[in-house]
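A.B. asks: I am attaching a structure below and will ask some questions about it afterwards.
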Amino acid sequence: MKFSIQQSDSASQARAATIETDHGTIQTPIFMPVGTAGTVKGIHQHELHDTIKAQIILGNTYHLYLRPGIDVLEKAGGLHRFNGWEGPILTDSGGYQVYSLSHRRKINEEGVTFQSHIDGSRHTFTPEKAIDIQRSIGADIIMAFDECTPYPCEYGYAKKSMALTHRWLDRCCKHFDAGTGRYGYQQTLVPIVQGSTYRDLRKTSAEVIASFDRPANAIGGLSVGEPAEEMYEMTELVCGILPKDKPRYLMGVGTPANLLECIALGIDMFDCVLPTRNARHGLLYTSEGILNMKNAKWKDDFSPIDENSSCHTSRFHTKAYLRHLLHCKELLGAQIASLHNLSFFLWLMGEARQHILAGDFSSWKKEMVEKVQRRL
RNA sequence: GGGGGCGCGCCGGAGUUGGAGAGCCGGGCCAGACUGUAAAUCUGGUGACUCUGUCUGAAUAGGUUCGAAUCCUAUCGCCCCCA
């Protein structure tokens with residue numbers, strides 16, 4: 001991985017940069033669509049490439065390990081070959097499932113034993129195993145195995161959990177550095193800052209993570225229910241400690257406004273299920289604001305879904321038609337809405353980059369944050 | 001034409017065989033939630049009103065009764081059987 005900054009914003013911590021991987025170059029700031037089970041739900045690979053202009057997508061270690069299974073992915077020649085996405089892939093390590101599936105796992109020093117949400121079978125994920133699985137999946141960017149803590153989280157627990165995540169990181173790095181990629185291209189391990197919403201823990205964690213001196217760094221454990229202001233506060237604090245000359249990835253964030261605010265704090269990479277999940281549930285993000293496409297008021301509104309969209313489909317189809325599809329639970333409704341939201345998120349990142357390069361990011365951001373939060 | 005059965009909420013079903021109902025389960029409809037995806041999911045609302053309460057309500061109109069969705073009569077509608 002090679003990180004090059006083209007332009008740093010003078011009025012904020014925002015920067016426009018590139019991340020080079022063996023599967024292509026990523027222009028930052030970037031939003032990475034989430035493809036948990038080897039697919040960005042409802043989106044075809046050619047749409048990811050041509051319409052949405054995705055530059056990198058996610059996969060998930062826990063989910064891909066359970067299905068289709070690592071043996072299948074290895075036989076396929078890795079996830080890129082398996083799903084036909086030729087760009088870069090980042091895999092989450094399963095650390096988020098420690099949080100989201102907390103009622104079906106047990107955690108100890110060695111690792112985490114999950115009881116499968118599919119068939120109830122038990123599977124132990126150690127830091128070493130999480131690395132091995134991600135090696136086999138063939139992700140370009142591999143995440144360290146961590147514990148994503150819930151919110152709210154008691155100070156004592158947050159501190160112990162953070163220390164455990166740090167010890168696991170040490171094991172991840174040793175195991176990763178002792179191995180090699182299976183498919184002939186470079187893989188990069190990225191460590192994750194934890195520490196819940198406590199300033200002193202976040203500071204400590206950021207310092208520890210920075211000291212590992214990996215090619216990129218991530219911030220986890222946020223956007224789990226805390227107020228946005230707390231998320232910004234922690235992000236700002238951590239960005240002030242993580243090295244400037246390496247990409248910073250804020251995991252699981254967020255809304256369009258969250259993305260813009262966090263770009264200003266120095267974040268380069270984001271991922272979030274919001275654009276795809278909310279699309280399936282009828283919520284659309286546009287440059288003019290948020291609209292719930294299922295609302296009765298769109299019943300006979302024959303104007304385009306979003307006349308300003310970079311996505312042809314959103315300019316071609318009407319609100320009334322999309323509302324109809326969503327009400328009927330027609331698959332095409334979820335597809336169109338997902339295509340729209342992801343197109344918007346990627347467009348927004350592209351605009352942010354252009355304004356950083358042009359030197360007017362901060363004024364543009366202020367105006368945009370207000371617009372994207374309006375309810376239409 | 002004769003005989004039998006059944007009519008309650010926007011729809012379907014359950015239940016009610018003289019005594020408690022704005023009320024069970026689905027669906028629809030109306031809103032809301034969703035942030036490294038157990039999520040095409042989940043939550044709430046859905047008679048009216050002057051709304052912490054009050055009123056109306058079991059096809060329609062009468063009747064019996066202390067009391068009727070329940071019993072009786074008529075009318076209307078739907079379903080089944082016979083001709």
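Residue numbering restarts at 1 for every chain of the structure tokens, chains are lettered A, B, ... in their displayed order, and ligands are numbered from 1 as they appear.
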Give me every helix (DSSP H, G or I) residue in region 146-294 of chain A, going by DSSP on the backbone, as a ChimeraX atom specification.
C.D. replies: /A:155-178,199-211,228-239,256-264,274-280
A.B. asks: So that each row is one residue of chain B with an atom at most 7 Å from chain A, can you give its shortest atom pair and the distance in Å to one decimal, using only C-alpha atoms (C1' of nucleotides), rows by chain and rising number, as a Markdown table?
C.D. replies:
| residue | atom | partner | partner_atom | distance |
| --- | --- | --- | --- | --- |
| B:C34 | C1' | A:Asn278 | CA | 6.8 |
| B:U35 | C1' | A:Gly254 | CA | 4.7 |
| B:G36 | C1' | A:Gly252 | CA | 4.5 |
| B:U37 | C1' | A:Val273 | CA | 6.3 |
| B:A38 | C1' | A:His117 | CA | 5.8 |
| B:A40 | C1' | A:Arg280 | CA | 6.1 |
A.B. asks: Applying 7 Å and only C-alpha atoms (C1' of nucleotides), which residues near region 49-64 of chain B remain after dropping the ones on its own chain fewer than 2 positions away? List them as a list in words.
C.D. replies: G7, C8, A69 and C72 of chain B
A.B. asks: Selected residues, C-alpha atoms (C1' of nucleotides), written as a CSV table (one decimal), in the first residue's frame, please.
C.D. replies:
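As a result, part.csv now contains:
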chain,number,residue,atom,x,y,z
B,7,G,C1',-73.9,-10.8,7.7
B,8,C,C1',-69.4,-6.7,13.6
B,69,A,C1',-73.9,-9.2,18.5
B,72,C,C1',-88.3,-13.3,17.4
A.B. asks: Near region 23-32 of chain B, counting only C-alpha atoms (C1' of nucleotides), which residues have an atom at most 10 Å away, once you skip same-chain residues fewer than 6 positions from it, shown as a ChimeraX atom specification?
C.D. replies: /A:294-296 /B:9-15,43-46
A.B. asks: Store the residues picked out above, limited to N, CA and C atoms (P, O5', C5', C4', C3', O3' and C1' of nucleotides), as a PDB file, in the first residue's frame.
C.D. replies:
ATOM      1  N   LYS A 294     -41.305   5.892   1.118  1.00  0.00           N
ATOM      2  CA  LYS A 294     -42.546   5.155   1.369  1.00  0.00           C
ATOM      3  C   LYS A 294     -43.688   6.074   1.798  1.00  0.00           C
ATOM      4  N   ASN A 295     -43.366   7.324   2.098  1.00  0.00           N
ATOM      5  CA  ASN A 295     -44.400   8.258   2.546  1.00  0.00           C
ATOM      6  C   ASN A 295     -45.470   8.474   1.481  1.00  0.00           C
ATOM      7  N   ALA A 296     -46.709   8.659   1.964  1.00  0.00           N
ATOM      8  CA  ALA A 296     -47.855   8.806   1.064  1.00  0.00           C
ATOM      9  C   ALA A 296     -47.724  10.011   0.133  1.00  0.00           C
TER      10      ALA A 296
ATOM     11  P     G B   9     -67.375  -4.591   9.727  1.00  0.00           P
ATOM     12  O5'   G B   9     -66.310  -3.813  10.620  1.00  0.00           O
ATOM     13  C5'   G B   9     -66.574  -2.483  11.066  1.00  0.00           C
ATOM     14  C4'   G B   9     -65.281  -1.743  11.317  1.00  0.00           C
ATOM     15  C3'   G B   9     -64.256  -1.824  10.162  1.00  0.00           C
ATOM     16  O3'   G B   9     -63.685  -0.522  10.023  1.00  0.00           O
ATOM     17  C1'   G B   9     -63.210  -2.347  12.186  1.00  0.00           C
ATOM     18  P     C B  10     -64.167   0.418   8.868  1.00  0.00           P
ATOM     19  O5'   C B  10     -63.228  -0.061   7.666  1.00  0.00           O
ATOM     20  C5'   C B  10     -63.415   0.507   6.374  1.00  0.00           C
ATOM     21  C4'   C B  10     -62.476  -0.168   5.410  1.00  0.00           C
ATOM     22  C3'   C B  10     -62.476  -1.694   5.457  1.00  0.00           C
ATOM     23  O3'   C B  10     -63.542  -2.239   4.704  1.00  0.00           O
ATOM     24  C1'   C B  10     -60.246  -0.911   5.461  1.00  0.00           C
ATOM     25  P     C B  11     -64.178  -3.708   5.129  1.00  0.00           P
ATOM     26  O5'   C B  11     -63.036  -4.713   4.643  1.00  0.00           O
ATOM     27  C5'   C B  11     -62.822  -4.949   3.258  1.00  0.00           C
ATOM     28  C4'   C B  11     -61.742  -5.985   3.080  1.00  0.00           C
ATOM     29  C3'   C B  11     -61.949  -7.297   3.821  1.00  0.00           C
ATOM     30  O3'   C B  11     -62.810  -8.180   3.130  1.00  0.00           O
ATOM     31  C1'   C B  11     -59.743  -6.552   4.167  1.00  0.00           C
ATOM     32  P     G B  12     -63.637  -9.333   3.951  1.00  0.00           P
ATOM     33  O5'   G B  12     -62.485 -10.352   4.371  1.00  0.00           O
ATOM     34  C5'   G B  12     -61.889 -11.194   3.391  1.00  0.00           C
ATOM     35  C4'   G B  12     -60.876 -12.103   4.039  1.00  0.00           C
ATOM     36  C3'   G B  12     -61.363 -12.914   5.228  1.00  0.00           C
ATOM     37  O3'   G B  12     -62.077 -14.070   4.846  1.00  0.00           O
ATOM     38  C1'   G B  12     -59.273 -11.943   5.755  1.00  0.00           C
ATOM     39  P     G B  13     -63.172 -14.734   5.874  1.00  0.00           P
ATOM     40  O5'   G B  13     -62.292 -15.173   7.129  1.00  0.00           O
ATOM     41  C5'   G B  13     -61.602 -16.414   7.114  1.00  0.00           C
ATOM     42  C4'   G B  13     -60.689 -16.536   8.305  1.00  0.00           C
ATOM     43  C3'   G B  13     -61.350 -16.762   9.652  1.00  0.00           C
ATOM     44  O3'   G B  13     -61.771 -18.111   9.840  1.00  0.00           O
ATOM     45  C1'   G B  13     -59.626 -15.169   9.894  1.00  0.00           C
ATOM     46  P     A B  14     -62.979 -18.462  10.873  1.00  0.00           P
ATOM     47  O5'   A B  14     -62.305 -18.156  12.285  1.00  0.00           O
ATOM     48  C5'   A B  14     -61.283 -19.004  12.788  1.00  0.00           C
ATOM     49  C4'   A B  14     -60.791 -18.497  14.128  1.00  0.00           C
ATOM     50  C3'   A B  14     -61.847 -18.451  15.231  1.00  0.00           C
ATOM     51  O3'   A B  14     -62.047 -19.712  15.834  1.00  0.00           O
ATOM     52  C1'   A B  14     -60.591 -16.446  15.230  1.00  0.00           C
ATOM     53  P     G B  15     -63.541 -20.196  16.295  1.00  0.00           P
ATOM     54  O5'   G B  15     -63.873 -19.177  17.467  1.00  0.00           O
ATOM     55  C5'   G B  15     -63.123 -19.207  18.679  1.00  0.00           C
ATOM     56  C4'   G B  15     -63.424 -17.973  19.493  1.00  0.00           C
ATOM     57  C3'   G B  15     -64.898 -17.784  19.848  1.00  0.00           C
ATOM     58  O3'   G B  15     -65.255 -18.511  21.000  1.00  0.00           O
ATOM     59  C1'   G B  15     -64.019 -15.766  18.984  1.00  0.00           C
ATOM     60  P     U B  43     -41.380  -5.883  16.376  1.00  0.00           P
ATOM     61  O5'   U B  43     -41.551  -4.347  16.795  1.00  0.00           O
ATOM     62  C5'   U B  43     -40.821  -3.814  17.886  1.00  0.00           C
ATOM     63  C4'   U B  43     -41.101  -2.332  18.028  1.00  0.00           C
ATOM     64  C3'   U B  43     -42.572  -1.934  18.006  1.00  0.00           C
ATOM     65  O3'   U B  43     -43.184  -2.128  19.262  1.00  0.00           O
ATOM     66  C1'   U B  43     -41.367  -0.488  16.591  1.00  0.00           C
ATOM     67  P     G B  44     -44.795  -2.418  19.348  1.00  0.00           P
ATOM     68  O5'   G B  44     -45.422  -1.000  18.980  1.00  0.00           O
ATOM     69  C5'   G B  44     -45.331   0.071  19.906  1.00  0.00           C
ATOM     70  C4'   G B  44     -45.783   1.356  19.256  1.00  0.00           C
ATOM     71  C3'   G B  44     -47.229   1.377  18.758  1.00  0.00           C
ATOM     72  O3'   G B  44     -48.154   1.596  19.798  1.00  0.00           O
ATOM     73  C1'   G B  44     -45.822   2.303  17.113  1.00  0.00           C
ATOM     74  P     G B  45     -49.681   1.070  19.646  1.00  0.00           P
ATOM     75  O5'   G B  45     -50.288   2.060  18.541  1.00  0.00           O
ATOM     76  C5'   G B  45     -50.436   3.446  18.831  1.00  0.00           C
ATOM     77  C4'   G B  45     -50.886   4.176  17.578  1.00  0.00           C
ATOM     78  C3'   G B  45     -52.193   3.674  16.977  1.00  0.00           C
ATOM     79  O3'   G B  45     -53.321   4.243  17.624  1.00  0.00           O
ATOM     80  C1'   G B  45     -50.587   3.912  15.265  1.00  0.00           C
ATOM     81  P     U B  46     -54.691   3.390  17.684  1.00  0.00           P
ATOM     82  O5'   U B  46     -55.153   3.354  16.160  1.00  0.00           O
ATOM     83  C5'   U B  46     -55.540   4.547  15.492  1.00  0.00           C
ATOM     84  C4'   U B  46     -55.874   4.235  14.053  1.00  0.00           C
ATOM     85  C3'   U B  46     -56.906   3.131  13.862  1.00  0.00           C
ATOM     86  O3'   U B  46     -58.227   3.630  13.978  1.00  0.00           O
ATOM     87  C1'   U B  46     -55.086   2.781  12.406  1.00  0.00           C
TER      88        U B  46
END
A.B. asks: Can you tell me, as a list in words, what residues are no more than 9 Å from region 2-4 of chain B when counting only C-alpha atoms (C1' of nucleotides), ignoring any on the same chain fewer than 4 positions away?
C.D. replies: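 The residues satisfying every condition are C80, C81, C82 and A83 of chain B.
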A.B. asks: Write the selection just made, keeping C-alpha atoms (C1' of nucleotides), as a compact mmCIF listing (two decimals), in the first residue's frame?
C.D. replies:
# COMPACT_ATOMS: atom_id res chain seq x y z
C1' C B 80 -74.64 -23.86 -0.16
C1' C B 81 -78.22 -27.79 -1.47
C1' C B 82 -82.66 -29.30 -4.22
C1' A B 83 -85.76 -28.21 -8.65
A.B. asks: Quick one: residues within 9 Å of region 122-129 of chain A, only C-alpha atoms (C1' of nucleotides), excluding same-chain residues fewer than 4 positions away - as a PyMOL selection string?
C.D. replies: chain A and resi 62+93-94+105+110-116+133-134+144-146+168-176
A.B. asks: Run DSSP on the backbone and tell me which residues of region 111-312 of chain A come out as strand (DSSP E or B); list them as number ranges by chain.
C.D. replies: A: 112-115, 122-125, 141-143, 188-190, 192-193, 217-219, 248-250, 269-272, 283-286, 289-292, 304
A.B. asks: Can you write just those residues out, C-alpha atoms, as an mmCIF file, in the first residue's frame?
C.D. replies:
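Final output, saved to part31.cif:
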data_model
loop_
_atom_site.group_PDB
_atom_site.id
_atom_site.type_symbol
_atom_site.label_atom_id
_atom_site.label_comp_id
_atom_site.auth_asym_id
_atom_site.auth_seq_id
_atom_site.Cartn_x
_atom_site.Cartn_y
_atom_site.Cartn_z
ATOM 1 C CA VAL A 112 -13.958 -15.201 20.845
ATOM 2 C CA THR A 113 -16.181 -18.257 20.492
ATOM 3 C CA PHE A 114 -19.247 -17.498 18.396
ATOM 4 C CA GLN A 115 -22.337 -19.622 18.229
ATOM 5 C CA ARG A 122 -19.507 -23.046 17.695
ATOM 6 C CA HIS A 123 -16.484 -21.371 16.095
ATOM 7 C CA THR A 124 -13.521 -19.837 17.886
ATOM 8 C CA PHE A 125 -11.912 -16.775 16.360
ATOM 9 C CA ILE A 141 -6.755 -4.600 3.380
ATOM 10 C CA ILE A 142 -7.043 -6.838 6.423
ATOM 11 C CA MET A 143 -8.390 -5.561 9.726
ATOM 12 C CA THR A 188 -1.988 -4.843 4.333
ATOM 13 C CA LEU A 189 -2.898 -5.237 8.002
ATOM 14 C CA VAL A 190 -4.624 -2.292 9.661
ATOM 15 C CA ILE A 192 -7.882 -0.375 15.221
ATOM 16 C CA VAL A 193 -8.098 2.267 17.947
ATOM 17 C CA ASN A 217 -4.787 3.081 10.959
ATOM 18 C CA ALA A 218 -8.444 2.667 11.839
ATOM 19 C CA ILE A 219 -10.786 4.013 14.483
ATOM 20 C CA ARG A 248 -7.117 7.031 8.590
ATOM 21 C CA TYR A 249 -10.201 4.821 8.414
ATOM 22 C CA LEU A 250 -13.251 5.564 10.566
ATOM 23 C CA MET A 269 -11.862 6.195 4.534
ATOM 24 C CA PHE A 270 -15.378 5.310 5.609
ATOM 25 C CA ASP A 271 -17.739 2.377 5.383
ATOM 26 C CA CYS A 272 -21.314 2.051 6.552
ATOM 27 C CA LEU A 283 -34.898 6.080 2.996
ATOM 28 C CA LEU A 284 -33.082 8.030 0.293
ATOM 29 C CA TYR A 285 -30.175 10.431 0.680
ATOM 30 C CA THR A 286 -29.854 13.256 -1.817
ATOM 31 C CA GLY A 289 -31.872 16.218 1.884
ATOM 32 C CA ILE A 290 -33.355 12.968 3.120
ATOM 33 C CA LEU A 291 -36.626 11.566 1.851
ATOM 34 C CA ASN A 292 -38.665 8.604 3.014
ATOM 35 C CA PRO A 304 -37.454 12.126 -11.013
#
A.B. asks: Please provide the set of residues having any atom within 12 Å of Glu307 (chain A), restricted to only C-alpha atoms (C1' of nucleotides), with same-chain residues fewer than 6 positions apart removed, written as a PyMOL selection string.
C.D. replies: chain A and resi 286-288+313-319+340+344
A.B. asks: In Å, with one decimal, what is the gap from CA of Glu109 (chain A) to CA of Gly156 (chain A)?
C.D. replies: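 Pair CA of Glu109 (chain A) / CA of Gly156 (chain A) returns 16.4 Å.
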A.B. asks: Select, from B:C78, B:A48, B:C66, B:A39, the residue with the minimum atom-to-atom distance to G19 (chain B), counting only C-alpha atoms (C1' of nucleotides).
C.D. replies: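 So, comparing all the options, the nearest one is B:C66.
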A.B. asks: Using only C-alpha atoms, which of A:Ala210, A:Ala264, A:Leu242, A:Ala320 sits nearest Met293 (chain A)?
C.D. replies: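 Among the listed residues, the smallest separation from Met293 (chain A) belongs to A:Ala320.
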A.B. asks: Suppose you want the space between CA of Arg104 (chain A) and C1' of A33 (chain B); what is it in Å?
C.D. replies: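 So the answer is 23.8 Å.
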